[in-house]
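To start, the structure under review is shown below, and the notes come after it.
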Amino acid sequence: MNNNPLWHGKPYYSLDAYCKNTFGQKLYKAALDAGFTCPNRDGTLDTRGCIFCSAGGSGEFASPFSDSLSAQENIKKALTVASMQKNCDRLIAYFQAYTNTYASVEKLESLYRAALNHPQTAGISIATRPDCLPAEVLNLLSKLSREYTIDQSGKNAKFIWIELGLQTTNERTADYIRRGYSLSIFDRAVSQLSQIGIPVIVHVILGLPGETKSDCQNTIAYLNKKSVFGVKLQLLHVLKGTDLYTDFMAGKFQVLSQNDYLDILIDCIGHLDPGIVIHRLTGDGPKDILAAPDWSKHKRMVLNTIHHEMKIRNIYQGIWEEK
Ligand code: SF4
């Protein structure tokens with residue numbers, strides 16, 4: 001059993017533990033839908049999107065911005081609602097839906113500043129694609145980072161995180177899911193973000209069609225060698241209305257059972273560098289459009305089972321990490 005005090009009793013380094021260590025409290029996310037689109041949907045790369053992506057741009061729980069309000073007003077409204085729902089006073093403004101660096105630099109700067117300037121935000125987290133980080137966006141992130149996270153001190157400092165959807169390092173699977181960029185593009189983005197001091201959180205999907213445990217291990221081994229701050233390990237879930245749903249209904253693949261998911265997930269955690277913060281361990285599909293797997297609707301039960309299984313099997317993050 002690993003008793004790392006920084007992990008606060010869990011067998012892995014969770015986002016909650018990181019926030020308690022760093023900010024002295026748990027931070028909740030206010031998920032935002034700031035009206036972006038995505039090159040994989042607007043025709044630049046494709047019109048169909050990633051095969052699993054829903055009409056909401058993978059941001060079903062995000063608060064949509066209203067056209068009649070300014071960026072500041074929209075952000076204030078979303079943060080007020082989130083803070084009441086979660087009963088907390090400090091939040092992460094999470095630009096979640098679609099590709100949140102895919103707009104003019106002027107628009108991005110105004111949105112990010114509005115979120116960073118809000119008194120209740122501890123920082124912002126920006127979900128995007130690695131092929132949507134041109135030099136002018138990197139310059140903006142670097143400028144804001146210097147201004148908000150380095151030049152300010154003490155409790156007023158704010159963080160800026162970037163979340164990248166990698167999903168897998170298997171290029172064949174990447175083609176199937178229509179990710180739309182190669183691993184070398186992801187590599188370059190992570191290096192560029194690291195050079196300007198922006199922490200990167202990587203989204204990985206476990207249970208992709210055709211993938212085995214060893215594909216997942218390859219993805220984890222790859223991330224261990226990159227300078228990434230965090231990872232989201234997400235279960236593949238099938239949402240109605242997606243092309244993945246069409247393939248699922250046609251019997252082209254099966255979703256993971258809960259036991260198979262636990263087995264793959266625990267194996268991934270055991271191989272993951274213990275310094276990488278785990279931001280998520282399950283899928284979180286909206287119940288009204290979730291087609292499968294049905295067991296994933298019971299998120300609390302799934303999380304409890306993961307913790308329990310890791311404890312009784314005496315497995316903790318990094319136990320099998322290869323240096
Ligand atoms: S990159 Fe994100 S928003 Fe764009 S299609 Fe893929 S999952 Fe959807």
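Naming scheme: A, B, ... for chains in displayed order of the structure tokens; residues 1 onward per chain; ligands 1 onward as shown.
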Contacts of ligand 1, 10 Å or closer, only C-alpha atoms and all ligand atoms, given as a PyMOL selection string:
chain A and resi 36-42+45-59+96-100+127-132+164-167+177-181
Need the shell around Asp273 of chain A: protein/DNA/RNA residues with any atom at most 6 Å away, counting only C-alpha atoms. Skip same-chain ones fewer than 3 positions apart. Format as a PyMOL selection string?
chain A and resi 224+276+318
Using only C-alpha atoms, pick whichever of A:Val204, A:Gly123, A:Pro209, A:Phe23 has the shortest atom-to-atom distance to Leu244 of chain A.
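Comparing A:Val204, A:Gly123, A:Pro209, A:Phe23 against Leu244 of chain A, the winner is A:Pro209.
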Where does DSSP see strand (DSSP E or B) in segment 131-310 of chain A, if you list the residues as a PyMOL selection string?
chain A and resi 159-167+200-206+230-235+238-239+277-280+290-292
Next, the residues of the selection above should be written as a PDB file, in the first residue's frame with N, CA and C atoms.
ATOM      1  N   PHE A 159      -4.154  30.124 -12.532  1.00  0.00           N
ATOM      2  CA  PHE A 159      -3.479  29.201 -13.447  1.00  0.00           C
ATOM      3  C   PHE A 159      -4.194  29.154 -14.792  1.00  0.00           C
ATOM      4  N   ILE A 160      -3.440  28.701 -15.793  1.00  0.00           N
ATOM      5  CA  ILE A 160      -4.004  28.460 -17.135  1.00  0.00           C
ATOM      6  C   ILE A 160      -3.578  27.056 -17.539  1.00  0.00           C
ATOM      7  N   TRP A 161      -4.537  26.178 -17.718  1.00  0.00           N
ATOM      8  CA  TRP A 161      -4.261  24.803 -18.148  1.00  0.00           C
ATOM      9  C   TRP A 161      -4.822  24.607 -19.563  1.00  0.00           C
ATOM     10  N   ILE A 162      -4.157  23.750 -20.304  1.00  0.00           N
ATOM     11  CA  ILE A 162      -4.674  23.350 -21.617  1.00  0.00           C
ATOM     12  C   ILE A 162      -4.996  21.862 -21.586  1.00  0.00           C
ATOM     13  N   GLU A 163      -6.181  21.501 -22.090  1.00  0.00           N
ATOM     14  CA  GLU A 163      -6.573  20.083 -22.163  1.00  0.00           C
ATOM     15  C   GLU A 163      -6.578  19.642 -23.628  1.00  0.00           C
ATOM     16  N   LEU A 164      -5.838  18.590 -23.919  1.00  0.00           N
ATOM     17  CA  LEU A 164      -5.727  18.098 -25.290  1.00  0.00           C
ATOM     18  C   LEU A 164      -6.347  16.718 -25.415  1.00  0.00           C
ATOM     19  N   GLY A 165      -7.174  16.533 -26.418  1.00  0.00           N
ATOM     20  CA  GLY A 165      -7.787  15.224 -26.644  1.00  0.00           C
ATOM     21  C   GLY A 165      -6.893  14.350 -27.496  1.00  0.00           C
ATOM     22  N   LEU A 166      -6.133  13.491 -26.865  1.00  0.00           N
ATOM     23  CA  LEU A 166      -5.279  12.551 -27.617  1.00  0.00           C
ATOM     24  C   LEU A 166      -6.078  11.277 -27.904  1.00  0.00           C
ATOM     25  N   GLN A 167      -6.690  10.739 -26.893  1.00  0.00           N
ATOM     26  CA  GLN A 167      -7.517   9.497 -26.914  1.00  0.00           C
ATOM     27  C   GLN A 167      -6.666   8.240 -27.015  1.00  0.00           C
ATOM     28  N   VAL A 200      -0.286  20.809 -19.225  1.00  0.00           N
ATOM     29  CA  VAL A 200      -1.134  20.115 -20.195  1.00  0.00           C
ATOM     30  C   VAL A 200      -1.828  18.913 -19.535  1.00  0.00           C
ATOM     31  N   ILE A 201      -3.121  18.819 -19.789  1.00  0.00           N
ATOM     32  CA  ILE A 201      -3.908  17.670 -19.326  1.00  0.00           C
ATOM     33  C   ILE A 201      -4.332  16.903 -20.585  1.00  0.00           C
ATOM     34  N   VAL A 202      -4.121  15.606 -20.591  1.00  0.00           N
ATOM     35  CA  VAL A 202      -4.370  14.815 -21.802  1.00  0.00           C
ATOM     36  C   VAL A 202      -5.584  13.909 -21.600  1.00  0.00           C
ATOM     37  N   HIS A 203      -6.481  13.942 -22.571  1.00  0.00           N
ATOM     38  CA  HIS A 203      -7.665  13.068 -22.523  1.00  0.00           C
ATOM     39  C   HIS A 203      -7.330  11.757 -23.228  1.00  0.00           C
ATOM     40  N   VAL A 204      -7.596  10.661 -22.551  1.00  0.00           N
ATOM     41  CA  VAL A 204      -7.356   9.325 -23.110  1.00  0.00           C
ATOM     42  C   VAL A 204      -8.674   8.557 -22.990  1.00  0.00           C
ATOM     43  N   ILE A 205      -9.026   7.793 -24.032  1.00  0.00           N
ATOM     44  CA  ILE A 205     -10.240   6.973 -23.957  1.00  0.00           C
ATOM     45  C   ILE A 205      -9.841   5.504 -23.879  1.00  0.00           C
ATOM     46  N   LEU A 206     -10.388   4.830 -22.887  1.00  0.00           N
ATOM     47  CA  LEU A 206     -10.129   3.392 -22.720  1.00  0.00           C
ATOM     48  C   LEU A 206     -11.320   2.616 -23.279  1.00  0.00           C
ATOM     49  N   GLY A 230      -1.368  16.427 -16.270  1.00  0.00           N
ATOM     50  CA  GLY A 230      -2.484  15.593 -15.836  1.00  0.00           C
ATOM     51  C   GLY A 230      -3.031  14.729 -16.951  1.00  0.00           C
ATOM     52  N   VAL A 231      -3.892  13.811 -16.558  1.00  0.00           N
ATOM     53  CA  VAL A 231      -4.523  12.926 -17.532  1.00  0.00           C
ATOM     54  C   VAL A 231      -5.972  12.696 -17.129  1.00  0.00           C
ATOM     55  N   LYS A 232      -6.835  12.583 -18.138  1.00  0.00           N
ATOM     56  CA  LYS A 232      -8.218  12.153 -17.897  1.00  0.00           C
ATOM     57  C   LYS A 232      -8.357  10.786 -18.538  1.00  0.00           C
ATOM     58  N   LEU A 233      -8.626   9.776 -17.728  1.00  0.00           N
ATOM     59  CA  LEU A 233      -8.809   8.417 -18.249  1.00  0.00           C
ATOM     60  C   LEU A 233     -10.305   8.193 -18.359  1.00  0.00           C
ATOM     61  N   GLN A 234     -10.800   8.191 -19.581  1.00  0.00           N
ATOM     62  CA  GLN A 234     -12.248   8.160 -19.768  1.00  0.00           C
ATOM     63  C   GLN A 234     -12.675   6.846 -20.401  1.00  0.00           C
ATOM     64  N   LEU A 235     -13.743   6.332 -19.904  1.00  0.00           N
ATOM     65  CA  LEU A 235     -14.352   5.142 -20.495  1.00  0.00           C
ATOM     66  C   LEU A 235     -14.997   5.512 -21.840  1.00  0.00           C
ATOM     67  N   VAL A 238     -20.996   5.303 -25.593  1.00  0.00           N
ATOM     68  CA  VAL A 238     -21.633   5.517 -26.892  1.00  0.00           C
ATOM     69  C   VAL A 238     -22.825   6.434 -26.691  1.00  0.00           C
ATOM     70  N   LEU A 239     -22.817   7.570 -27.379  1.00  0.00           N
ATOM     71  CA  LEU A 239     -23.930   8.515 -27.272  1.00  0.00           C
ATOM     72  C   LEU A 239     -24.815   8.411 -28.513  1.00  0.00           C
ATOM     73  N   VAL A 277      -1.109  14.020 -12.429  1.00  0.00           N
ATOM     74  CA  VAL A 277      -2.370  14.142 -11.686  1.00  0.00           C
ATOM     75  C   VAL A 277      -3.515  13.536 -12.510  1.00  0.00           C
ATOM     76  N   ILE A 278      -4.313  12.680 -11.862  1.00  0.00           N
ATOM     77  CA  ILE A 278      -5.445  12.056 -12.555  1.00  0.00           C
ATOM     78  C   ILE A 278      -6.693  12.927 -12.358  1.00  0.00           C
ATOM     79  N   HIS A 279      -7.141  13.523 -13.454  1.00  0.00           N
ATOM     80  CA  HIS A 279      -8.281  14.457 -13.382  1.00  0.00           C
ATOM     81  C   HIS A 279      -9.621  13.748 -13.525  1.00  0.00           C
ATOM     82  N   ARG A 280      -9.607  12.553 -14.086  1.00  0.00           N
ATOM     83  CA  ARG A 280     -10.877  11.836 -14.239  1.00  0.00           C
ATOM     84  C   ARG A 280     -10.601  10.347 -14.424  1.00  0.00           C
ATOM     85  N   LEU A 290     -27.165   8.628 -23.440  1.00  0.00           N
ATOM     86  CA  LEU A 290     -26.182   7.541 -23.272  1.00  0.00           C
ATOM     87  C   LEU A 290     -26.804   6.218 -23.731  1.00  0.00           C
ATOM     88  N   ALA A 291     -26.164   5.589 -24.741  1.00  0.00           N
ATOM     89  CA  ALA A 291     -26.683   4.301 -25.244  1.00  0.00           C
ATOM     90  C   ALA A 291     -25.995   3.135 -24.542  1.00  0.00           C
ATOM     91  N   ALA A 292     -24.713   3.266 -24.255  1.00  0.00           N
ATOM     92  CA  ALA A 292     -23.977   2.176 -23.622  1.00  0.00           C
ATOM     93  C   ALA A 292     -22.603   2.691 -23.160  1.00  0.00           C
TER      94      ALA A 292
END
Pull the helix (DSSP H, G or I) assignments for segment 142-177 of chain A out of DSSP run on the backbone, and list those residues as a list in words.
Ser142, Lys143, Leu144, Ser145, Arg146, Glu147, Tyr148, Thr149, Ile150, Gly154, Lys155, Asn156, Glu171, Arg172, Thr173, Ala174, Asp175 and Tyr176 of chain A
Given only C-alpha atoms as the basis, pick out the residue of A:Arg172, A:Gln258, A:Gln192, A:Glu321 nearest to Gln217 of chain A.
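Nearest candidate to Gln217 of chain A out of A:Arg172, A:Gln258, A:Gln192, A:Glu321: A:Glu321.
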